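Here is the file run-v5.tsv (TSV, C-alpha atoms and all ligand atoms).
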```tsv
chain	number	residue	atom	x	y	z
A	1	MET	CA	42.26	-47.03	69.70
A	2	THR	CA	44.72	-44.88	71.63
A	3	SER	CA	43.49	-43.43	74.94
A	4	PHE	CA	43.29	-39.68	75.44
A	5	GLU	CA	46.07	-39.89	78.06
A	6	GLU	CA	48.37	-41.60	75.53
A	7	MET	CA	47.57	-38.91	72.96
A	8	VAL	CA	48.41	-36.19	75.48
A	9	ALA	CA	51.72	-37.89	76.34
A	10	SER	CA	52.61	-38.22	72.65
A	11	ALA	CA	51.70	-34.55	72.02
A	12	ARG	CA	53.90	-33.46	74.94
A	13	ALA	CA	56.88	-35.38	73.52
A	14	VAL	CA	56.42	-33.89	70.03
A	15	VAL	CA	56.12	-30.35	71.43
A	16	ALA	CA	59.14	-30.75	73.73
A	17	GLU	CA	61.24	-31.64	70.70
A	18	ARG	CA	59.97	-28.61	68.72
A	19	GLU	CA	60.47	-26.31	71.71
A	20	SER	CA	64.08	-27.46	72.05
A	21	ARG	CA	64.64	-26.18	68.50
A	22	VAL	CA	62.66	-22.90	68.80
A	23	PRO	CA	62.41	-21.78	72.46
A	24	LEU	CA	59.29	-20.06	73.78
A	25	GLU	CA	60.95	-16.63	73.90
A	26	GLU	CA	61.78	-16.82	70.21
A	27	MET	CA	58.28	-18.06	69.41
A	28	ARG	CA	56.84	-15.05	71.27
A	29	ASP	CA	59.00	-12.77	69.08
A	30	ARG	CA	57.64	-14.51	65.98
A	31	VAL	CA	54.10	-13.92	67.23
A	32	ARG	CA	54.83	-10.20	67.51
A	33	GLU	CA	56.12	-10.18	63.92
A	34	ALA	CA	53.18	-12.16	62.48
A	35	ASP	CA	50.26	-10.50	60.64
A	36	SER	CA	47.31	-9.79	62.95
A	37	PRO	CA	44.69	-12.54	63.21
A	38	THR	CA	41.26	-12.20	61.61
A	39	ASN	CA	38.34	-11.83	64.02
A	40	ALA	CA	37.06	-15.36	63.47
A	41	LEU	CA	33.99	-14.94	65.65
A	42	ASP	CA	32.71	-12.18	63.35
A	43	ALA	CA	33.80	-14.02	60.20
A	44	LEU	CA	31.99	-17.23	61.15
A	45	ARG	CA	28.91	-16.06	62.97
A	46	SER	CA	26.14	-17.06	60.63
A	47	ARG	CA	23.86	-14.50	59.11
A	48	SER	CA	20.35	-15.47	60.15
A	49	GLY	CA	19.39	-18.77	58.62
A	50	SER	CA	22.70	-19.70	57.06
A	51	VAL	CA	25.59	-21.93	58.03
A	52	SER	CA	29.28	-21.36	57.28
A	53	VAL	CA	31.52	-24.14	56.02
A	54	ILE	CA	35.08	-24.81	57.23
A	55	ALA	CA	36.93	-27.19	54.91
A	56	GLU	CA	39.82	-29.28	56.21
A	57	VAL	CA	43.13	-30.32	54.66
A	58	LYS	CA	44.72	-33.44	56.13
A	59	ARG	CA	46.72	-36.48	55.08
A	60	VAL	CA	44.82	-39.20	56.96
A	61	THR	CA	41.16	-39.69	57.88
A	62	ALA	CA	39.82	-39.29	61.42
A	63	THR	CA	40.33	-43.06	61.78
A	64	PHE	CA	43.89	-42.80	60.39
A	65	ALA	CA	43.31	-44.28	56.93
A	66	ASP	CA	45.55	-42.77	54.26
A	67	LEU	CA	44.08	-39.90	52.23
A	68	SER	CA	46.50	-40.11	49.34
A	69	GLY	CA	44.23	-37.94	47.16
A	70	VAL	CA	45.11	-34.90	49.29
A	71	GLY	CA	47.85	-33.77	46.88
A	72	ASP	CA	49.34	-30.33	47.42
A	73	VAL	CA	47.69	-28.74	50.48
A	74	ALA	CA	48.33	-25.20	49.23
A	75	VAL	CA	46.52	-25.93	45.96
A	76	LEU	CA	43.71	-27.73	47.79
A	77	SER	CA	43.19	-24.83	50.20
A	78	ARG	CA	42.91	-22.42	47.25
A	79	PHE	CA	40.16	-24.63	45.82
A	80	TYR	CA	38.40	-24.46	49.19
A	81	ALA	CA	38.57	-20.67	49.34
A	82	ALA	CA	37.43	-20.40	45.71
A	83	GLY	CA	34.49	-22.71	46.54
A	84	GLY	CA	33.37	-20.28	49.24
A	85	ALA	CA	34.71	-21.89	52.45
A	86	ALA	CA	34.52	-19.42	55.34
A	87	GLY	CA	37.57	-21.05	56.91
A	88	VAL	CA	40.18	-23.76	56.33
A	89	SER	CA	41.23	-26.26	58.98
A	90	VAL	CA	44.78	-27.64	58.91
A	91	VAL	CA	45.99	-30.73	60.78
A	92	THR	CA	49.58	-30.34	62.02
A	93	GLU	CA	50.04	-33.39	64.29
A	94	PRO	CA	52.92	-35.43	62.82
A	95	VAL	CA	52.95	-38.84	64.52
A	96	ARG	CA	49.43	-40.16	63.98
A	97	SER	CA	48.06	-37.68	61.44
A	98	HIS	CA	51.17	-37.16	59.26
A	99	GLY	CA	50.56	-33.42	59.52
A	100	ARG	CA	53.25	-30.76	59.71
A	101	LEU	CA	53.69	-27.09	60.52
A	102	ALA	CA	54.94	-26.65	56.96
A	103	ASP	CA	51.39	-27.46	55.78
A	104	LEU	CA	50.09	-24.61	57.93
A	105	ASP	CA	52.71	-22.26	56.46
A	106	ALA	CA	51.86	-23.35	52.91
A	107	VAL	CA	48.11	-22.84	53.45
A	108	ARG	CA	48.63	-19.49	55.20
A	109	ALA	CA	50.69	-18.27	52.26
A	110	SER	CA	47.95	-19.36	49.81
A	111	ILE	CA	44.68	-17.99	51.23
A	112	ASP	CA	43.24	-15.09	53.24
A	113	VAL	CA	40.29	-16.87	54.89
A	114	PRO	CA	40.61	-17.68	58.62
A	115	ILE	CA	42.67	-20.77	59.41
A	116	LEU	CA	41.85	-23.24	62.18
A	117	VAL	CA	44.69	-25.36	63.54
A	118	ASN	CA	43.38	-28.82	64.38
A	119	ASP	CA	45.95	-30.33	66.70
A	120	LEU	CA	45.91	-31.68	70.25
A	121	VAL	CA	47.08	-28.62	72.20
A	122	VAL	CA	48.54	-29.50	75.59
A	123	THR	CA	50.88	-26.59	76.42
A	124	PRO	CA	50.83	-22.79	76.03
A	125	TYR	CA	53.84	-23.14	73.70
A	126	GLN	CA	51.57	-24.57	70.99
A	127	VAL	CA	49.24	-21.57	71.26
A	128	HIS	CA	52.13	-19.21	70.48
A	129	GLU	CA	53.39	-21.56	67.78
A	130	ALA	CA	50.01	-21.71	66.00
A	131	ARG	CA	49.70	-17.91	66.07
A	132	ALA	CA	53.29	-17.42	64.89
A	133	HIS	CA	52.43	-19.62	61.90
A	134	GLY	CA	49.31	-17.60	61.05
A	135	ALA	CA	46.42	-19.39	62.80
A	136	ASP	CA	43.18	-17.49	63.53
A	137	LEU	CA	41.39	-20.30	65.37
A	138	LEU	CA	42.76	-23.06	67.57
A	139	LEU	CA	41.14	-26.35	68.50
A	140	LEU	CA	41.21	-27.21	72.21
A	141	ASP	CA	39.87	-30.39	73.81
A	142	ALA	CA	37.33	-30.29	76.66
A	143	ARG	CA	38.78	-33.57	77.99
A	144	LEU	CA	41.81	-31.64	79.30
A	145	GLU	CA	42.02	-30.79	83.01
A	146	PRO	CA	39.62	-27.82	83.48
A	147	LEU	CA	42.33	-25.55	84.92
A	148	ILE	CA	44.64	-26.31	82.01
A	149	LEU	CA	41.81	-25.86	79.52
A	150	GLU	CA	40.87	-22.52	81.06
A	151	ALA	CA	44.47	-21.28	80.84
A	152	LEU	CA	44.77	-22.41	77.20
A	153	ILE	CA	41.48	-20.72	76.23
A	154	GLU	CA	42.61	-17.54	77.93
A	155	ARG	CA	45.98	-17.63	76.17
A	156	THR	CA	44.35	-18.31	72.79
A	157	HIS	CA	41.97	-15.38	73.16
A	158	SER	CA	44.71	-13.08	74.47
A	159	LEU	CA	46.67	-13.69	71.26
A	160	GLY	CA	43.61	-12.66	69.23
A	161	MET	CA	42.61	-16.17	68.11
A	162	LEU	CA	39.31	-17.92	68.75
A	163	ALA	CA	39.43	-21.14	70.79
A	164	VAL	CA	37.20	-23.86	69.33
A	165	VAL	CA	36.61	-26.16	72.27
A	166	GLU	CA	35.65	-29.66	71.27
A	167	ALA	CA	33.06	-31.47	73.38
A	168	HIS	CA	31.95	-35.10	72.99
A	169	SER	CA	29.17	-34.99	75.58
A	170	ARG	CA	26.88	-32.65	77.51
A	171	ARG	CA	29.25	-32.82	80.46
A	172	GLU	CA	32.21	-31.71	78.34
A	173	ALA	CA	30.13	-28.95	76.74
A	174	ILE	CA	29.28	-27.58	80.18
A	175	THR	CA	32.98	-27.69	81.13
A	176	ALA	CA	33.84	-25.87	77.90
A	177	VAL	CA	31.42	-23.04	78.66
A	178	GLU	CA	32.43	-22.84	82.33
A	179	THR	CA	36.09	-22.51	81.35
A	180	GLY	CA	35.39	-19.57	79.02
A	181	ALA	CA	34.72	-21.04	75.55
A	182	LEU	CA	33.00	-18.70	73.09
A	183	CYS	CA	32.91	-21.40	70.42
A	184	VAL	CA	32.20	-25.10	70.97
A	185	SER	CA	32.50	-27.91	68.44
A	186	ALA	CA	30.71	-31.24	68.71
A	187	ASP	CA	32.44	-34.14	66.99
A	188	ALA	CA	29.92	-36.72	65.77
A	189	ARG	CA	32.63	-39.38	66.01
A	190	ASP	CA	32.89	-41.39	69.20
A	191	PRO	CA	36.43	-40.67	70.42
A	192	LEU	CA	36.97	-44.33	71.38
A	193	THR	CA	35.24	-46.29	68.60
A	194	GLY	CA	35.38	-43.78	65.72
A	195	LEU	CA	31.69	-44.45	64.99
A	196	VAL	CA	29.68	-41.48	63.67
A	197	ASP	CA	26.48	-40.45	65.44
A	198	HIS	CA	25.11	-37.10	64.25
A	199	CYS	CA	22.83	-36.88	67.33
A	200	ARG	CA	25.90	-36.04	69.39
A	201	PHE	CA	25.67	-32.47	68.07
A	202	GLU	CA	22.13	-32.06	69.40
A	203	GLN	CA	23.18	-33.31	72.83
A	204	VAL	CA	26.08	-30.87	73.03
A	205	ALA	CA	24.12	-27.95	71.53
A	206	GLU	CA	21.30	-28.39	74.06
A	207	VAL	CA	23.42	-27.13	76.95
A	208	LEU	CA	25.10	-24.22	75.13
A	209	PRO	CA	24.02	-20.62	75.76
A	210	SER	CA	22.79	-18.94	72.55
A	211	SER	CA	25.82	-16.62	72.53
A	212	VAL	CA	28.22	-19.55	71.96
A	213	LEU	CA	29.19	-20.27	68.33
A	214	ARG	CA	28.28	-23.89	67.46
A	215	VAL	CA	30.44	-26.00	65.18
A	216	ALA	CA	29.38	-29.46	63.94
A	217	THR	CA	32.17	-31.81	62.81
A	218	GLY	CA	32.80	-35.41	61.90
A	219	GLY	CA	31.55	-37.65	59.13
A	220	VAL	CA	29.70	-34.99	57.13
A	221	ALA	CA	29.11	-36.75	53.80
A	222	GLY	CA	27.55	-33.96	51.73
A	223	PRO	CA	25.02	-31.11	51.39
A	224	ARG	CA	22.20	-33.06	53.09
A	225	ASP	CA	24.21	-33.33	56.31
A	226	VAL	CA	24.96	-29.59	56.19
A	227	MET	CA	21.23	-28.87	55.97
A	228	SER	CA	20.47	-31.25	58.82
A	229	TYR	CA	23.03	-29.59	61.06
A	230	ALA	CA	21.66	-26.17	60.09
A	231	ARG	CA	18.20	-27.27	61.22
A	232	TRP	CA	19.68	-28.50	64.50
A	233	GLY	CA	21.17	-25.04	65.13
A	234	ALA	CA	24.78	-25.26	63.91
A	235	ASP	CA	26.48	-21.98	62.95
A	236	VAL	CA	29.39	-23.74	61.25
A	237	VAL	CA	29.88	-27.19	59.71
A	238	LEU	CA	33.41	-28.56	59.39
A	239	VAL	CA	34.09	-31.09	56.63
A	240	GLY	CA	37.30	-32.95	55.78
A	241	GLU	CA	37.34	-36.45	54.32
A	242	ALA	CA	34.29	-36.13	52.04
A	243	ILE	CA	35.78	-33.08	50.29
A	244	ILE	CA	39.25	-34.59	49.92
A	245	ARG	CA	37.78	-37.79	48.43
A	246	SER	CA	35.50	-35.88	46.04
A	247	GLN	CA	36.28	-35.63	42.30
A	248	ASP	CA	36.28	-31.84	42.33
A	249	PRO	CA	36.97	-30.30	45.77
A	250	GLN	CA	36.15	-26.72	44.71
A	251	GLN	CA	32.78	-27.76	43.29
A	252	PHE	CA	32.06	-29.98	46.29
A	253	VAL	CA	32.81	-27.13	48.72
A	254	ALA	CA	30.59	-24.84	46.62
A	255	GLU	CA	27.75	-27.39	46.95
A	256	LEU	CA	28.20	-27.56	50.74
A	257	VAL	CA	28.23	-23.75	50.95
A	258	ALA	CA	25.08	-23.54	48.79
A	259	ALA	CA	23.36	-26.05	51.10
A	260	GLY	CA	24.33	-23.89	54.09
A	261	ASN	CA	22.69	-20.89	52.40
A	262	HIS	CA	19.63	-22.78	51.19
A	263	PRO	CA	16.48	-20.59	51.19
A	264	ALA	CA	14.48	-23.44	52.76
A	265	LEU	CA	16.61	-23.07	55.88
A	266	GLN	CA	15.98	-19.35	56.09
A	267	ASN	CA	12.24	-19.91	55.76
A	268	ALA	CA	12.33	-22.62	58.42
A	269	MET	CA	14.33	-20.43	60.79
A	270	ASN	CA	12.22	-17.33	60.24
A	271	ARG	CA	9.16	-19.42	61.07
A	272	GLU	CA	10.80	-20.58	64.29
A	273	ALA	CA	11.75	-17.01	65.20
A	274	SER	CA	8.24	-15.61	64.61
A	301	LIG	O1	37.07	-35.80	57.93
A	301	LIG	P1	35.74	-35.60	58.59
A	301	LIG	O2	35.02	-36.86	58.93
A	301	LIG	O3	34.88	-34.61	57.82
A	301	LIG	O4	36.04	-34.94	60.02
A	301	LIG	C1	36.68	-33.71	60.16
A	301	LIG	C2	36.71	-33.27	61.58
A	301	LIG	O5	35.59	-33.74	62.27
A	301	LIG	C3	37.91	-33.70	62.40
A	301	LIG	O6	39.12	-33.51	61.81
A	301	LIG	C4	37.76	-32.90	63.65
A	301	LIG	C5	37.26	-33.38	64.78
A	301	LIG	N1	37.13	-32.37	65.67
A	301	LIG	C6	37.52	-31.21	65.11
A	301	LIG	C7	37.52	-29.91	65.62
A	301	LIG	C8	37.98	-28.90	64.81
A	301	LIG	C9	38.45	-29.20	63.53
A	301	LIG	C10	38.43	-30.50	63.02
A	301	LIG	C11	37.94	-31.50	63.81
```

If you convert what's in this file into structure tokens, what do you get?
Amino acid sequence: MTSFEEMVASARAVVAERESRVPLEEMRDRVREADSPTNALDALRSRSGSVSVIAEVKRVTATFADLSGVGDVAVLSRFYAAGGAAGVSVVTEPVRSHGRLADLDAVRASIDVPILVNDLVVTPYQVHEARAHGADLLLLDARLEPLILEALIERTHSLGMLAVVEAHSRREAITAVETGALCVSADARDPLTGLVDHCRFEQVAEVLPSSVLRVATGGVAGPRDVMSYARWGADVVLVGEAIIRSQDPQQFVAELVAAGNHPALQNAMNREAS
């Protein structure tokens, strides 16, 4: 697998090329002209005892296998919204993930629910770019240099978006909180081997203050996993591959959403609270 440093270098090259076509000043103007972002923190914060679902559109899996069933991302995102997704995640990275900004534009034009841009953000330019193209949430990686991460979180929040800072370990979760994250995601996939270990969420969640919004991602296969993450304290579960591979994405999203609202969870959580 590619190292994080190689991914950062590749992201820098891709962004430099895009910035040479649309300079930062022009991107800032586009941000000013864009519709205001939705307050994602309010939209996603779970009502007591329920978990929100973010559904992802992408062209390859997390381990870079082709997802040819993805079809038209605009149509797919409408199915997600109709199924009750609280947010839609869009992958825009072109080299490894075959994503594109045009996918973000197409999804933004199709739905009103908050959109999360799932890309490796390495420069402030990308923060402006995501906002100019309609993003409400932006993924940032806790493996970045803390000073860079802090500046990117600050920039993301100052443009009205919510930074979702991804942590793979307790150490990274602590860095995320120390650098100003209000929302932390734990990816169950090992970043080096791609292997899924759902316990990773518990490790990350353990060190988060209760005010921080908790997102569980990676290898969620269906409603059972959503309920497990709910019991472990997730506010949001993010699902990609399983939905795209399902026969009926709208129905599958609806089943995940129903699992996140399951009365058994509310009873369990009320018991814990009392
Ligand atoms: O396709 P999967 O196995 O459901 O995984 C999606 C998700 O984990 C992945 O794309 C991702 C990893 N970290 C993220 C943070 C935010 C949004 C998305 C992600």

Closest pair table for chain A residues within 9 Å of ligand LIG 301 (chain A), only C-alpha atoms and all ligand atoms, as CSV:
```
residue,atom,partner,partner_atom,distance
A:Ile54,CA,A:LIG301,C9,8.4
A:Ala55,CA,A:LIG301,O3,8.2
A:Glu56,CA,A:LIG301,C1,6.7
A:Val57,CA,A:LIG301,O6,8.8
A:Lys58,CA,A:LIG301,O6,8.0
A:Val60,CA,A:LIG301,O1,8.5
A:Thr61,CA,A:LIG301,O1,5.6
A:Ala62,CA,A:LIG301,O1,5.7
A:Thr63,CA,A:LIG301,O2,8.6
A:Ser89,CA,A:LIG301,C9,6.1
A:Val90,CA,A:LIG301,C9,8.0
A:Val91,CA,A:LIG301,O6,7.5
A:Leu116,CA,A:LIG301,C9,7.0
A:Val117,CA,A:LIG301,C9,7.3
A:Asn118,CA,A:LIG301,C9,5.0
A:Asp119,CA,A:LIG301,C9,8.2
A:Leu138,CA,A:LIG301,C8,8.0
A:Leu139,CA,A:LIG301,C8,5.5
A:Leu140,CA,A:LIG301,C7,8.0
A:Asp141,CA,A:LIG301,C7,8.5
A:Val164,CA,A:LIG301,C8,6.8
A:Val165,CA,A:LIG301,C7,7.7
A:Glu166,CA,A:LIG301,C7,6.0
A:Ala167,CA,A:LIG301,N1,8.8
A:Val184,CA,A:LIG301,C7,8.9
A:Ser185,CA,A:LIG301,C7,6.1
A:Ala186,CA,A:LIG301,N1,7.2
A:Asp187,CA,A:LIG301,N1,5.2
A:Ala188,CA,A:LIG301,O5,7.3
A:Arg189,CA,A:LIG301,O5,7.4
A:Val196,CA,A:LIG301,O2,8.5
A:Val215,CA,A:LIG301,C8,8.1
A:Ala216,CA,A:LIG301,O5,7.7
A:Thr217,CA,A:LIG301,O5,4.0
A:Gly218,CA,A:LIG301,O5,3.3
A:Gly219,CA,A:LIG301,O2,3.6
A:Val220,CA,A:LIG301,O3,5.2
A:Ala221,CA,A:LIG301,O3,7.4
A:Leu238,CA,A:LIG301,C1,6.1
A:Val239,CA,A:LIG301,O3,3.8
A:Gly240,CA,A:LIG301,O3,3.6
A:Glu241,CA,A:LIG301,O1,3.7
A:Ala242,CA,A:LIG301,O3,6.0
A:Ile243,CA,A:LIG301,O3,7.7
A:Ile244,CA,A:LIG301,O1,8.4
```

Option closest in space to Leu213 (chain A), from A:Pro263, A:Gly233, A:Pro124, A:Gly194 [counting all atoms listed in the file]: A:Gly233

Env of Ala259 (chain A): 7 Å cut, atoms = all atoms listed in the file, seq-sep filter 2 positions within chain, self excluded. Answer as a list in words.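 Near Ala259 (chain A), the qualifying residues are Pro223, Val226, Met227, Glu255, Leu256, Val257, Asn261 and His262 of chain A.
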
Excluding Val121 (chain A) and any residue of its chain fewer than 3 positions from it, enumerate the residues within 12 Å of it, using all atoms listed in the file, and give them as a ChimeraX atom specification. /A:7-15,91-93,117-118,124-130,138-144,148-149,151-153,155-156,163-166

Using all atoms listed in the file and a cutoff of 8 Å, can you tell me which residues are near (50.1, -17.9, 57.5) in the file's coordinates, and write them out as a PyMOL selection string? chain A and resi 104-109+133-135

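Distance annotation: of A:Pro209, A:Gly160, A:Gly83, A:Gly180, the residue with the minimal separation from Val253 (chain A) is A:Gly83; atom set is only C-alpha atoms.
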
Given only C-alpha atoms as the basis, pick out the residue of A:Asp225, A:Glu17, A:Glu154, A:Glu172 nearest to Gln203 (chain A). A:Glu172

Between CA of Pro249 (chain A) and CA of Leu265 (chain A), what is the distance in Å, rounded to a tenth?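 Separating CA of Pro249 (chain A) from CA of Leu265 (chain A) is a distance of 23.9 Å.
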
May I ask for the distance between CA of Arg32 (chain A) and CA of Arg78 (chain A), given in Å to one decimal place? 26.5 Å

Pick from A:Cys199, A:Met161, A:Ile115, A:Ala132: nearest to Glu25 (chain A), with all atoms listed in the file counted? A:Ala132

Residue nearest Ala102 (chain A) - candidates A:Val236, A:Ala74, A:Val53, A:Ala81, atoms counted: all atoms listed in the file: A:Ala74

Computed interatomic separation between CA of Gly84 (chain A) and CA of Cys183 (chain A) (Å): 21.2 Å

Nearest to Leu76 (chain A) among A:Arg245, A:Ala258, A:Thr193, A:Arg30, with distances taken over only C-alpha atoms: which residue is it? A:Arg245

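Near Ser52 (chain A), within 7 Å and counting all atoms listed in the file, sit Leu44, Ser46, Ala86, Asp235, Val236, Val237, Val257 and Gly260 of chain A, not including residues fewer than 3 positions from it in the same chain.
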